[in-house]
Each structure stands twice: as C-alpha cells, then as structure tokens.
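What follows is the content of protein-v2.pdb, which has PDB, C-alpha atoms:
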```pdb
ATOM      1  CA  MET A   7     -37.989 -34.700  78.937
ATOM      2  CA  ALA A   8     -35.051 -32.632  80.203
ATOM      3  CA  LEU A   9     -32.766 -34.269  77.647
ATOM      4  CA  LEU A  10     -35.231 -33.396  74.875
ATOM      5  CA  PHE A  11     -35.185 -29.723  75.841
ATOM      6  CA  LEU A  12     -31.401 -29.763  76.082
ATOM      7  CA  THR A  13     -31.009 -31.294  72.640
ATOM      8  CA  THR A  14     -33.384 -28.755  71.130
ATOM      9  CA  ALA A  15     -31.399 -25.908  72.663
ATOM     10  CA  LEU A  16     -28.171 -27.343  71.337
ATOM     11  CA  PHE A  17     -29.517 -27.280  67.794
ATOM     12  CA  ALA A  18     -31.096 -23.830  67.984
ATOM     13  CA  GLN A  19     -29.252 -21.493  65.622
ATOM     14  CA  GLN A  20     -30.527 -17.984  64.986
ATOM     15  CA  ASP A  21     -29.249 -14.849  63.280
ATOM     16  CA  PRO A  22     -26.088 -13.440  64.850
ATOM     17  CA  LEU A  23     -26.283  -9.991  66.388
ATOM     18  CA  TYR A  24     -24.212  -7.130  64.966
ATOM     19  CA  GLY A  25     -23.171  -3.746  66.271
ATOM     20  CA  GLN A  26     -21.656  -2.563  62.974
ATOM     21  CA  TYR A  27     -24.656  -3.169  60.710
ATOM     22  CA  LEU A  28     -24.990   0.604  60.210
ATOM     23  CA  PHE A  29     -21.626   0.612  58.440
ATOM     24  CA  ASN A  30     -22.282  -2.633  56.551
ATOM     25  CA  PRO A  31     -26.057  -3.029  55.946
ATOM     26  CA  LEU A  32     -25.415  -5.939  53.564
ATOM     27  CA  LEU A  33     -25.240  -8.081  56.732
ATOM     28  CA  ILE A  34     -29.010  -7.784  57.104
ATOM     29  CA  ASN A  35     -30.338  -6.531  53.750
ATOM     30  CA  PRO A  36     -29.384  -7.684  50.213
ATOM     31  CA  ALA A  37     -30.935  -4.503  48.757
ATOM     32  CA  TYR A  38     -27.849  -2.611  49.955
ATOM     33  CA  SER A  39     -25.825  -4.172  47.114
ATOM     34  CA  GLY A  40     -24.401  -1.342  45.005
ATOM     35  CA  LEU A  41     -26.566   1.285  46.699
ATOM     36  CA  ASN A  42     -23.674   3.749  47.128
ATOM     37  CA  ASN A  43     -22.722   3.577  43.423
ATOM     38  CA  ASN A  44     -19.221   2.263  44.064
ATOM     39  CA  PHE A  45     -17.352  -0.874  45.118
ATOM     40  CA  SER A  46     -16.918  -1.699  48.780
ATOM     41  CA  ALA A  47     -15.572  -4.694  50.671
ATOM     42  CA  MET A  48     -15.381  -5.421  54.379
ATOM     43  CA  VAL A  49     -14.053  -8.016  56.804
ATOM     44  CA  GLY A  50     -15.207  -8.164  60.416
ATOM     45  CA  TYR A  51     -15.060 -10.162  63.631
ATOM     46  CA  ARG A  52     -17.417 -10.159  66.632
ATOM     47  CA  THR A  53     -16.891 -11.895  69.956
ATOM     48  CA  GLN A  54     -19.985 -11.722  72.142
ATOM     49  CA  TRP A  55     -20.021 -12.127  75.943
ATOM     50  CA  THR A  56     -16.265 -12.714  76.119
ATOM     51  CA  GLY A  57     -15.399 -14.977  79.033
ATOM     52  CA  PHE A  58     -18.723 -16.815  78.922
ATOM     53  CA  GLU A  59     -18.153 -20.483  78.072
ATOM     54  CA  GLY A  60     -19.435 -21.271  74.567
ATOM     55  CA  HIS A  61     -20.004 -17.596  73.781
ATOM     56  CA  PRO A  62     -20.981 -16.608  70.203
ATOM     57  CA  GLU A  63     -18.223 -15.687  67.753
ATOM     58  CA  THR A  64     -18.921 -14.370  64.276
ATOM     59  CA  PHE A  65     -16.566 -13.747  61.338
ATOM     60  CA  TYR A  66     -17.807 -12.173  58.122
ATOM     61  CA  VAL A  67     -16.497 -11.073  54.713
ATOM     62  CA  SER A  68     -18.588  -9.057  52.281
ATOM     63  CA  GLY A  69     -18.287  -7.139  49.043
ATOM     64  CA  ASN A  70     -20.720  -5.315  46.788
ATOM     65  CA  ALA A  71     -20.574  -3.157  43.678
ATOM     66  CA  SER A  72     -22.818  -1.038  41.513
ATOM     67  CA  VAL A  73     -23.025  -2.340  37.930
ATOM     68  CA  LEU A  74     -24.776  -1.597  34.627
ATOM     69  CA  GLU A  75     -24.369   2.177  34.816
ATOM     70  CA  ASN A  76     -25.436   2.189  38.485
ATOM     71  CA  LYS A  77     -28.798   0.644  37.660
ATOM     72  CA  CYS A  78     -28.125  -2.589  39.547
ATOM     73  CA  GLY A  79     -25.937  -3.962  42.303
ATOM     74  CA  VAL A  80     -24.277  -7.283  43.052
ATOM     75  CA  GLY A  81     -22.925  -8.544  46.348
ATOM     76  CA  LEU A  82     -21.263 -11.445  48.134
ATOM     77  CA  LEU A  83     -21.567 -12.250  51.836
ATOM     78  CA  VAL A  84     -19.840 -15.057  53.756
ATOM     79  CA  ILE A  85     -20.544 -15.539  57.473
ATOM     80  CA  ASN A  86     -19.226 -18.068  59.979
ATOM     81  CA  ASP A  87     -21.110 -18.115  63.274
ATOM     82  CA  GLN A  88     -19.974 -20.288  66.182
ATOM     83  CA  ILE A  89     -22.114 -20.839  69.300
ATOM     84  CA  GLY A  90     -20.958 -23.500  71.712
ATOM     85  CA  ASN A  91     -20.697 -26.770  69.802
ATOM     86  CA  ILE A  92     -22.678 -25.479  66.790
ATOM     87  CA  SER A  93     -21.063 -23.880  63.743
ATOM     88  CA  ASN A  94     -22.936 -22.298  60.856
ATOM     89  CA  THR A  95     -21.177 -21.188  57.670
ATOM     90  CA  GLU A  96     -23.294 -19.260  55.204
ATOM     91  CA  SER A  97     -22.501 -17.968  51.717
ATOM     92  CA  ASN A  98     -24.869 -15.718  49.755
ATOM     93  CA  LEU A  99     -24.868 -14.039  46.370
ATOM     94  CA  ALA A 100     -27.015 -10.899  46.195
ATOM     95  CA  PHE A 101     -28.532  -8.904  43.352
ATOM     96  CA  ALA A 102     -30.356  -5.578  43.605
ATOM     97  CA  TYR A 103     -32.244  -3.388  41.165
ATOM     98  CA  LYS A 104     -32.263   0.361  41.825
ATOM     99  CA  LEU A 105     -34.990   2.777  40.816
ATOM    100  CA  ASN A 106     -34.067   6.467  40.866
ATOM    101  CA  LEU A 107     -36.981   8.603  41.998
ATOM    102  CA  SER A 108     -37.168  12.410  41.935
ATOM    103  CA  HIS A 109     -35.571  12.894  45.377
ATOM    104  CA  ALA A 110     -34.797   9.352  46.494
ATOM    105  CA  THR A 111     -33.544   5.922  45.442
ATOM    106  CA  PHE A 112     -35.501   2.712  45.883
ATOM    107  CA  SER A 113     -33.563  -0.547  45.837
ATOM    108  CA  TYR A 114     -35.007  -4.056  45.881
ATOM    109  CA  GLY A 115     -32.680  -6.984  46.377
ATOM    110  CA  MET A 116     -32.608 -10.752  46.682
ATOM    111  CA  GLN A 117     -29.961 -13.201  47.785
ATOM    112  CA  VAL A 118     -29.470 -16.917  47.329
ATOM    113  CA  GLY A 119     -26.957 -19.177  48.964
ATOM    114  CA  LEU A 120     -26.191 -22.130  51.196
ATOM    115  CA  GLN A 121     -26.103 -22.669  54.953
ATOM    116  CA  HIS A 122     -23.822 -25.416  56.259
ATOM    117  CA  TYR A 123     -24.391 -26.566  59.843
ATOM    118  CA  THR A 124     -22.058 -28.732  61.886
ATOM    119  CA  THR A 125     -22.239 -29.876  65.494
ATOM    120  CA  SER A 126     -19.593 -31.547  67.608
ATOM    121  CA  TYR A 127     -20.198 -33.312  70.916
ATOM    122  CA  ALA A 128     -16.544 -33.934  71.713
ATOM    123  CA  ASP A 129     -16.359 -31.069  74.201
ATOM    124  CA  LEU A 130     -19.750 -31.682  75.835
ATOM    125  CA  ASN A 131     -20.131 -33.346  79.218
ATOM    126  CA  VAL A 132     -22.925 -35.778  78.330
ATOM    127  CA  TYR A 133     -24.675 -37.356  81.319
ATOM    128  CA  ASP A 134     -25.696 -40.507  79.439
ATOM    129  CA  GLN A 135     -22.809 -41.558  77.220
ATOM    130  CA  GLY A 136     -25.051 -44.149  75.555
ATOM    131  CA  ASP A 137     -27.617 -41.606  74.360
ATOM    132  CA  ASN A 138     -27.746 -41.925  70.560
ATOM    133  CA  ALA A 139     -28.766 -38.274  70.252
ATOM    134  CA  PHE A 140     -25.217 -37.337  71.275
ATOM    135  CA  ALA A 141     -23.372 -39.953  69.238
ATOM    136  CA  GLY A 142     -20.710 -38.370  67.045
ATOM    137  CA  GLY A 143     -21.626 -35.101  65.378
ATOM    138  CA  GLU A 144     -24.128 -33.815  62.873
ATOM    139  CA  THR A 145     -23.750 -31.949  59.631
ATOM    140  CA  GLY A 146     -26.130 -30.621  57.020
ATOM    141  CA  THR A 147     -26.429 -28.138  54.169
ATOM    142  CA  ARG A 148     -29.563 -26.180  53.343
ATOM    143  CA  MET A 149     -30.444 -23.667  50.635
ATOM    144  CA  ASN A 150     -31.198 -20.068  51.554
ATOM    145  CA  ILE A 151     -33.233 -17.348  49.834
ATOM    146  CA  GLY A 152     -33.597 -13.811  51.194
ATOM    147  CA  ALA A 153     -35.098 -10.500  50.124
ATOM    148  CA  GLY A 154     -35.123  -6.863  51.146
ATOM    149  CA  ALA A 155     -35.862  -3.290  50.112
ATOM    150  CA  ILE A 156     -34.409   0.128  50.954
ATOM    151  CA  LEU A 157     -35.656   3.654  50.312
ATOM    152  CA  THR A 158     -32.960   6.275  50.788
ATOM    153  CA  GLY A 159     -32.691  10.010  50.257
ATOM    154  CA  ASP A 160     -30.121  12.688  51.028
ATOM    155  CA  LYS A 161     -31.044  12.736  54.718
ATOM    156  CA  TYR A 162     -32.865   9.499  55.496
ATOM    157  CA  PHE A 163     -33.174   5.797  54.861
ATOM    158  CA  ILE A 164     -35.714   3.101  55.695
ATOM    159  CA  GLY A 165     -35.276  -0.589  54.987
ATOM    160  CA  PHE A 166     -37.098  -3.867  55.458
ATOM    161  CA  SER A 167     -35.630  -7.317  54.913
ATOM    162  CA  VAL A 168     -35.990 -11.027  55.522
ATOM    163  CA  PRO A 169     -32.440 -12.289  54.865
ATOM    164  CA  ARG A 170     -33.392 -15.972  55.261
ATOM    165  CA  LEU A 171     -36.878 -16.794  54.066
ATOM    166  CA  LEU A 172     -36.682 -20.575  54.464
ATOM    167  CA  PRO A 173     -37.021 -22.034  57.972
ATOM    168  CA  THR A 174     -34.556 -24.868  58.510
ATOM    169  CA  THR A 175     -35.170 -28.122  60.367
ATOM    170  CA  PHE A 176     -32.835 -31.001  61.157
ATOM    171  CA  LYS A 177     -33.572 -34.659  61.982
ATOM    172  CA  ASN A 178     -31.523 -36.450  64.594
ATOM    173  CA  SER A 179     -32.219 -39.889  66.096
ATOM    174  CA  GLY A 180     -35.748 -39.862  64.727
ATOM    175  CA  GLN A 181     -36.547 -36.398  66.128
ATOM    176  CA  GLU A 182     -36.938 -33.162  64.177
ATOM    177  CA  PHE A 183     -35.404 -29.936  65.522
ATOM    178  CA  GLU A 184     -35.647 -26.360  64.382
ATOM    179  CA  LEU A 185     -32.257 -25.014  63.358
ATOM    180  CA  TYR A 186     -33.452 -21.669  62.096
ATOM    181  CA  ASN A 187     -36.636 -19.597  62.068
ATOM    182  CA  ARG A 188     -37.421 -16.639  59.823
ATOM    183  CA  HIS A 189     -36.183 -13.212  61.049
ATOM    184  CA  TYR A 190     -37.599  -9.822  60.038
ATOM    185  CA  TYR A 191     -35.640  -6.552  60.057
ATOM    186  CA  LEU A 192     -37.006  -3.018  59.914
ATOM    187  CA  ASN A 193     -34.511  -0.181  60.258
ATOM    188  CA  ALA A 194     -34.498   3.550  59.637
ATOM    189  CA  GLY A 195     -32.379   6.618  60.214
ATOM    190  CA  TYR A 196     -32.349  10.375  59.653
ATOM    191  CA  LEU A 197     -29.446  12.772  59.177
ATOM    192  CA  PHE A 198     -29.466  16.207  60.814
ATOM    193  CA  TYR A 199     -26.905  18.804  59.693
ATOM    194  CA  LEU A 200     -25.905  20.621  62.881
ATOM    195  CA  SER A 201     -23.189  22.691  61.174
ATOM    196  CA  ASP A 202     -20.797  22.544  58.252
ATOM    197  CA  ARG A 203     -18.719  19.989  60.169
ATOM    198  CA  LEU A 204     -21.177  18.176  62.430
ATOM    199  CA  ARG A 205     -23.945  15.746  61.526
ATOM    200  CA  PHE A 206     -26.273  13.932  63.916
ATOM    201  CA  LYS A 207     -27.861  10.624  62.863
ATOM    202  CA  PRO A 208     -30.302   8.739  65.097
ATOM    203  CA  THR A 209     -31.179   5.239  63.889
ATOM    204  CA  ALA A 210     -33.365   2.343  64.967
ATOM    205  CA  LEU A 211     -33.432  -1.360  64.107
ATOM    206  CA  LEU A 212     -36.369  -3.614  64.969
ATOM    207  CA  ARG A 213     -35.565  -7.317  64.749
ATOM    208  CA  GLY A 214     -38.378  -9.836  65.080
ATOM    209  CA  VAL A 215     -38.793 -13.600  64.968
ATOM    210  CA  VAL A 216     -41.865 -15.769  65.514
ATOM    211  CA  ASP A 217     -42.366 -17.064  69.073
ATOM    212  CA  ALA A 218     -39.584 -14.901  70.508
ATOM    213  CA  PRO A 219     -39.367 -11.375  71.960
ATOM    214  CA  ALA A 220     -38.477  -8.603  69.498
ATOM    215  CA  ASN A 221     -35.152  -6.760  69.728
ATOM    216  CA  LEU A 222     -34.970  -2.986  69.326
ATOM    217  CA  ASP A 223     -31.642  -1.258  68.732
ATOM    218  CA  VAL A 224     -31.591   2.533  69.080
ATOM    219  CA  ALA A 225     -28.395   4.445  68.243
ATOM    220  CA  PHE A 226     -27.340   8.096  68.278
ATOM    221  CA  ASN A 227     -24.297   8.972  66.163
ATOM    222  CA  ILE A 228     -22.291  12.151  65.664
ATOM    223  CA  ASN A 229     -20.246  12.495  62.474
ATOM    224  CA  ILE A 230     -17.400  15.016  62.179
ATOM    225  CA  ASP A 231     -16.222  16.231  58.760
ATOM    226  CA  GLY A 232     -17.735  13.132  57.137
ATOM    227  CA  HIS A 233     -14.755  11.072  58.363
ATOM    228  CA  TYR A 234     -15.175  10.407  62.077
ATOM    229  CA  THR A 235     -18.217   8.857  63.728
ATOM    230  CA  ALA A 236     -18.923   8.205  67.402
ATOM    231  CA  GLY A 237     -22.181   7.047  68.899
ATOM    232  CA  LEU A 238     -24.058   5.414  71.737
ATOM    233  CA  PHE A 239     -26.670   2.709  71.426
ATOM    234  CA  THR A 240     -28.857   0.378  73.444
ATOM    235  CA  ARG A 241     -30.540  -2.932  72.685
ATOM    236  CA  ASN A 242     -33.802  -3.446  74.560
ATOM    237  CA  LEU A 243     -32.402  -1.295  77.380
ATOM    238  CA  ASN A 244     -30.473  -4.321  78.672
ATOM    239  CA  THR A 245     -27.335  -3.883  76.551
ATOM    240  CA  TYR A 246     -25.443  -0.618  76.056
ATOM    241  CA  GLY A 247     -22.613   0.158  73.707
ATOM    242  CA  VAL A 248     -20.281   2.572  71.961
ATOM    243  CA  LEU A 249     -19.886   2.799  68.165
ATOM    244  CA  LEU A 250     -16.722   4.209  66.572
ATOM    245  CA  GLN A 251     -15.699   4.578  62.941
ATOM    246  CA  THR A 252     -13.055   6.461  61.025
ATOM    247  CA  ILE A 253     -12.383   6.935  57.320
ATOM    248  CA  PHE A 254      -8.714   7.321  56.435
ATOM    249  CA  ARG A 255      -6.890   7.824  53.148
ATOM    250  CA  GLU A 256     -10.329   8.629  51.665
ATOM    251  CA  GLN A 257     -11.095   4.955  50.960
ATOM    252  CA  TRP A 258     -10.425   2.893  54.078
ATOM    253  CA  ARG A 259     -12.907   2.430  56.923
ATOM    254  CA  LEU A 260     -12.144   1.117  60.401
ATOM    255  CA  GLY A 261     -14.957   0.459  62.861
ATOM    256  CA  TYR A 262     -15.176  -0.756  66.453
ATOM    257  CA  THR A 263     -18.084  -1.535  68.770
ATOM    258  CA  PHE A 264     -18.006  -2.157  72.512
ATOM    259  CA  GLU A 265     -21.095  -3.580  74.219
ATOM    260  CA  MET A 266     -21.783  -4.130  77.899
ATOM    261  CA  PRO A 267     -24.855  -6.065  79.053
ATOM    262  CA  ALA A 268     -26.806  -4.847  82.049
ATOM    263  CA  SER A 269     -26.889  -6.835  85.257
ATOM    264  CA  ASN A 270     -30.339  -8.236  84.412
ATOM    265  CA  SER A 271     -28.924  -9.837  81.243
ATOM    266  CA  VAL A 272     -25.996 -12.302  81.157
ATOM    267  CA  GLY A 273     -24.070 -10.131  83.593
ATOM    268  CA  SER A 274     -21.972  -6.997  83.213
ATOM    269  CA  ASN A 275     -18.715  -8.999  83.327
ATOM    270  CA  PHE A 276     -19.296 -10.494  79.863
ATOM    271  CA  ASN A 277     -18.547  -7.735  77.368
ATOM    272  CA  THR A 278     -18.771  -7.807  73.580
ATOM    273  CA  HIS A 279     -16.275  -6.505  71.009
ATOM    274  CA  GLU A 280     -16.705  -6.106  67.258
ATOM    275  CA  VAL A 281     -14.173  -4.740  64.792
ATOM    276  CA  ASN A 282     -14.214  -4.408  61.012
ATOM    277  CA  LEU A 283     -12.073  -3.034  58.211
ATOM    278  CA  GLY A 284     -13.414  -1.939  54.848
ATOM    279  CA  ILE A 285     -12.361  -0.330  51.600
ATOM    280  CA  MET A 286     -14.325   1.780  49.097
ATOM    281  CA  LEU A 287     -13.226   2.163  45.490
ATOM    282  CA  SER A 288     -14.474   3.669  42.239
ATOM    283  CA  ILE A 289     -13.574   0.879  39.859
ATOM    284  CA  PHE A 290     -15.879   1.818  36.974
ATOM    285  CA  SER A 291     -16.119   5.158  35.175
ATOM    286  CA  TYR A 292     -19.706   5.674  36.375
ATOM    287  CA  HIS A 293     -18.838   4.975  40.023
ATOM    288  CA  GLU A 294     -19.012   7.730  42.617
ATOM    289  CA  LYS A 295     -16.998   8.392  45.738
ATOM    290  CA  TYR A 296     -18.225   7.093  49.067
ATOM    291  CA  ASN A 297     -21.471   8.680  50.257
ATOM    292  CA  SER A 298     -21.049   9.160  53.999
ATOM    293  CA  ASN A 299     -24.668  10.332  54.394
ATOM    294  CA  PHE A 300     -25.943   6.764  54.417
TER     295      PHE A 300
END
```
Show the structure stored in the file as structure tokens.
Amino acid sequence: MALLFLTTALFAQQDPLYGQYLFNPLLINPAYSGLNNNFSAMVGYRTQWTGFEGHPETFYVSGNASVLENKCGVGLLVINDQIGNISNTESNLAFAYKLNLSHATFSYGMQVGLQHYTTSYADLNVYDQGDNAFAGGETGTRMNIGAGAILTGDKYFIGFSVPRLLPTTFKNSGQEFELYNRHYYLNAGYLFYLSDRLRFKPTALLRGVVDAPANLDVAFNINIDGHYTAGLFTRNLNTYGVLLQTIFREQWRLGYTFEMPASNSVGSNFNTHEVNLGIMLSIFSYHEKYNSNF
C-alpha cells in the first residue's frame, strides 16, 4: 500500500505556481491574448524552494498580439515544468475575441495545445528494484483545451479561467494514475491614483482544484511614473514575497519575484526566485503603446 501511494505521488503533476502572473496574465488566462492592443512577448524562469531536492523549476515563453483592427487577439504559450523525476512540456495556441463596451472591454479566449509528460526513474532510490512500476521511464502526450474571460476598465480588471479543461490520467503497470486535475482561477485588481506619479494597485488571485485546499494570493503594488513597480504579496499567509518590475527604453520589461515560505510550510531556508524579460511593440498601424494600467 505504501508503494501505491508513493507511485501516485510521483505521477501527480499540477499547475505550476507563478509570482509574475500579474505582468504576464497569459500564463493563466487565454483571454489576455491581444488585450492591450499591441504585440508583447516574454521569457521567464522560476526556481521554487531552491536547495530542496527535486524542487520545482519552470521555464516559459509566451507571445500575444492584437489582430483584425484590435477586434481579436492571438497568443502562443510554451511551458516546461520540472518536479523531481517528472517533466511536463506544454504548448498552447490561444485566440480571443474582444467586445468593446461603453467604459470597459470584455475578452473571451480559448486555447488548444498538447501536454507531453515524461518520467525518469534513473535518479530514484527504489527499494524494490524488481518492481515493474519503476521499470524504465514513462512518456505520454495528451491534448489540452482551456478557456477564460476578462473584463477590464481604466481602473480595474476581473478574470476567470480554466486553462486546462481536460483532466489527464496515465496507466502504468495495469494501474491508472491522475496526472492532472482541472484548476480554476479567479483574479481581480483595482487601480487607485494617489497622485500624478503614484498609483496603488491591490490584486487577488484565487486558485482552486477539486479535492485540494484553495490558494489565495493577495498583492499590494505601488507604481511610479508608470515605469517602476514594487509590491508585497502573500499566498495563504504561509508564503511571503516581493514583486519588482521596471520598464526601460519604453518597450522592455524586466521583472523579479522573491518568495520566502513561513516556518510552517517547507521551511524558511528554501526560497523561491522568478525572473522574466519582456518586450512590447506596436507592429500594426492600429496598435497602441503599452497600457500600464492593467
């Protein structure tokens, strides 16, 4: 029975956590594609609980653009997530349709792609070397479909998404294991103008999955001159972090997140770092400059 539980844990693969989703919402919501009426691309890397053996590492590349006279958006997202001996590489194409309301914009988006899972037992210390469940490695590819919606105005946004609608199972040695279960995201934020130079934006992200505790991220950000952002956030009051972002040369974005778990989590010695670099361009005549309000 213990081996059964161990094998199930080894195959469990869930959504990676992000600290920079505020600066790249395409990570959790396909409706963000083209929402800012320009072209943007980003590359990022996250190492979680550094120093913890088998800690999660995530690398992502994304790009999205507004098309058809800013009526629609298209996007591409590629993610590689590594946890212990399990690797998941996911590629998604996204499409969004935008509806301009009197004082807001509503965007509905969908994404479709593939998830490729691989496992390797070479680095595991298996108690029973003859156990067929740990013979060699496993690999599999599954289709993914996701959907989301965002309502945004000059001072606020609210979004809901299910980036991966299809639960994924995997069969190994005659047993079926759950590789992935459906995740739900609800996030919102509001922008307060404190002065001509200062803006204050509190945000919240609720992340839920069936048969598991919900995660709540709450962040408080200060933006200076529309170019520099600094903030503090907490996740379930057991992880605390700092968010930093700067816009330079009017089109480049550089972001960094530092997270420190509380002592009642994995331990305060295992910190998390996330960094990303992005670019924003107006490549079509109807494109606008970057909207820092969002």
List the residues selected by the PyMOL selection byres ((chain A and resi 71) around 6) in the file shown, writing them as a ChimeraX atom specification. /A:40,44-45,70,72,79-80
Using Å and a single decimal, report how far CA of Leu83 (chain A) sits from CA of Leu32 (chain A). 7.6 Å
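Applied to the shown file, the PyMOL selection byres ((chain A and resi 246-255) around 7) selects the residues His233, Tyr234, Thr235, Ala236, Gly237, Leu238, Phe239, Thr240, Arg241, Asn244, Thr245, Glu256, Gln257, Trp258, Arg259, Leu260, Gly261, Tyr262, Thr263, Phe264, Glu265, Met266 and Pro267 of chain A.
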Take the residues that were just selected and, keeping C-alpha atoms, output them as a PDB file, in the coordinates of the input.
```pdb
ATOM      1  CA  HIS A 233     -14.755  11.072  58.363  1.00  0.00           C
ATOM      2  CA  TYR A 234     -15.175  10.407  62.077  1.00  0.00           C
ATOM      3  CA  THR A 235     -18.217   8.857  63.728  1.00  0.00           C
ATOM      4  CA  ALA A 236     -18.923   8.205  67.402  1.00  0.00           C
ATOM      5  CA  GLY A 237     -22.181   7.047  68.899  1.00  0.00           C
ATOM      6  CA  LEU A 238     -24.058   5.414  71.737  1.00  0.00           C
ATOM      7  CA  PHE A 239     -26.670   2.709  71.426  1.00  0.00           C
ATOM      8  CA  THR A 240     -28.857   0.378  73.444  1.00  0.00           C
ATOM      9  CA  ARG A 241     -30.540  -2.932  72.685  1.00  0.00           C
ATOM     10  CA  ASN A 244     -30.473  -4.321  78.672  1.00  0.00           C
ATOM     11  CA  THR A 245     -27.335  -3.883  76.551  1.00  0.00           C
ATOM     12  CA  GLU A 256     -10.329   8.629  51.665  1.00  0.00           C
ATOM     13  CA  GLN A 257     -11.095   4.955  50.960  1.00  0.00           C
ATOM     14  CA  TRP A 258     -10.425   2.893  54.078  1.00  0.00           C
ATOM     15  CA  ARG A 259     -12.907   2.430  56.923  1.00  0.00           C
ATOM     16  CA  LEU A 260     -12.144   1.117  60.401  1.00  0.00           C
ATOM     17  CA  GLY A 261     -14.957   0.459  62.861  1.00  0.00           C
ATOM     18  CA  TYR A 262     -15.176  -0.756  66.453  1.00  0.00           C
ATOM     19  CA  THR A 263     -18.084  -1.535  68.770  1.00  0.00           C
ATOM     20  CA  PHE A 264     -18.006  -2.157  72.512  1.00  0.00           C
ATOM     21  CA  GLU A 265     -21.095  -3.580  74.219  1.00  0.00           C
ATOM     22  CA  MET A 266     -21.783  -4.130  77.899  1.00  0.00           C
ATOM     23  CA  PRO A 267     -24.855  -6.065  79.053  1.00  0.00           C
TER      24      PRO A 267
END
```
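You can rank A:Leu82, A:Ile89, A:Ala100, A:Leu120 by their closest distance to Glu63 (chain A) using all atoms listed in the file, and at the top of that list sits A:Ile89.
When the PyMOL selection byres ((chain A and resi 279) around 7) is run on the displayed coordinates, the residues it returns are A:Arg52, A:Thr53, A:Gln54, A:Thr263, A:Phe264, A:Glu265, A:Asn277, A:Thr278, A:Glu280, A:Val281.
One distance worth recording is that between CA of Met116 (chain A) and CA of Gln88 (chain A), which is 25.1 Å.
Within 8 Å of region 155-162 of chain A, once only C-alpha atoms are used and residues closer than 2 positions along the same chain are dropped, the contacting residues are Asn35, Pro36, Ala37, Tyr38, His109, Ala110, Thr111, Phe112, Ser113, Tyr114, Gly115, Ala153, Ile164, Gly165, Phe166, Ser167, Ala194, Gly195, Tyr196, Leu197, Phe198, Asn299 and Phe300 of chain A.
Interatomic distance, CA of Met48 (chain A) against CA of Ile285 (chain A): 6.5 Å.
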Quick one: axis-aligned box around all listed atoms of region 50-63 of chain A, 6 Å on every side, centre and edge lengths in Å to one decimal, written as lines of an AutoDock Vina configuration file.
```
center_x = -18.0
center_y = -14.7
center_z = 69.7
size_x = 17.9
size_y = 25.1
size_z = 30.6
```
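Comparing the minimum interatomic distances between Leu243 (chain A) and each of A:Leu33, A:Leu99, A:Leu172, A:Ala225, counting only C-alpha atoms, we find that A:Ala225 sits nearest.
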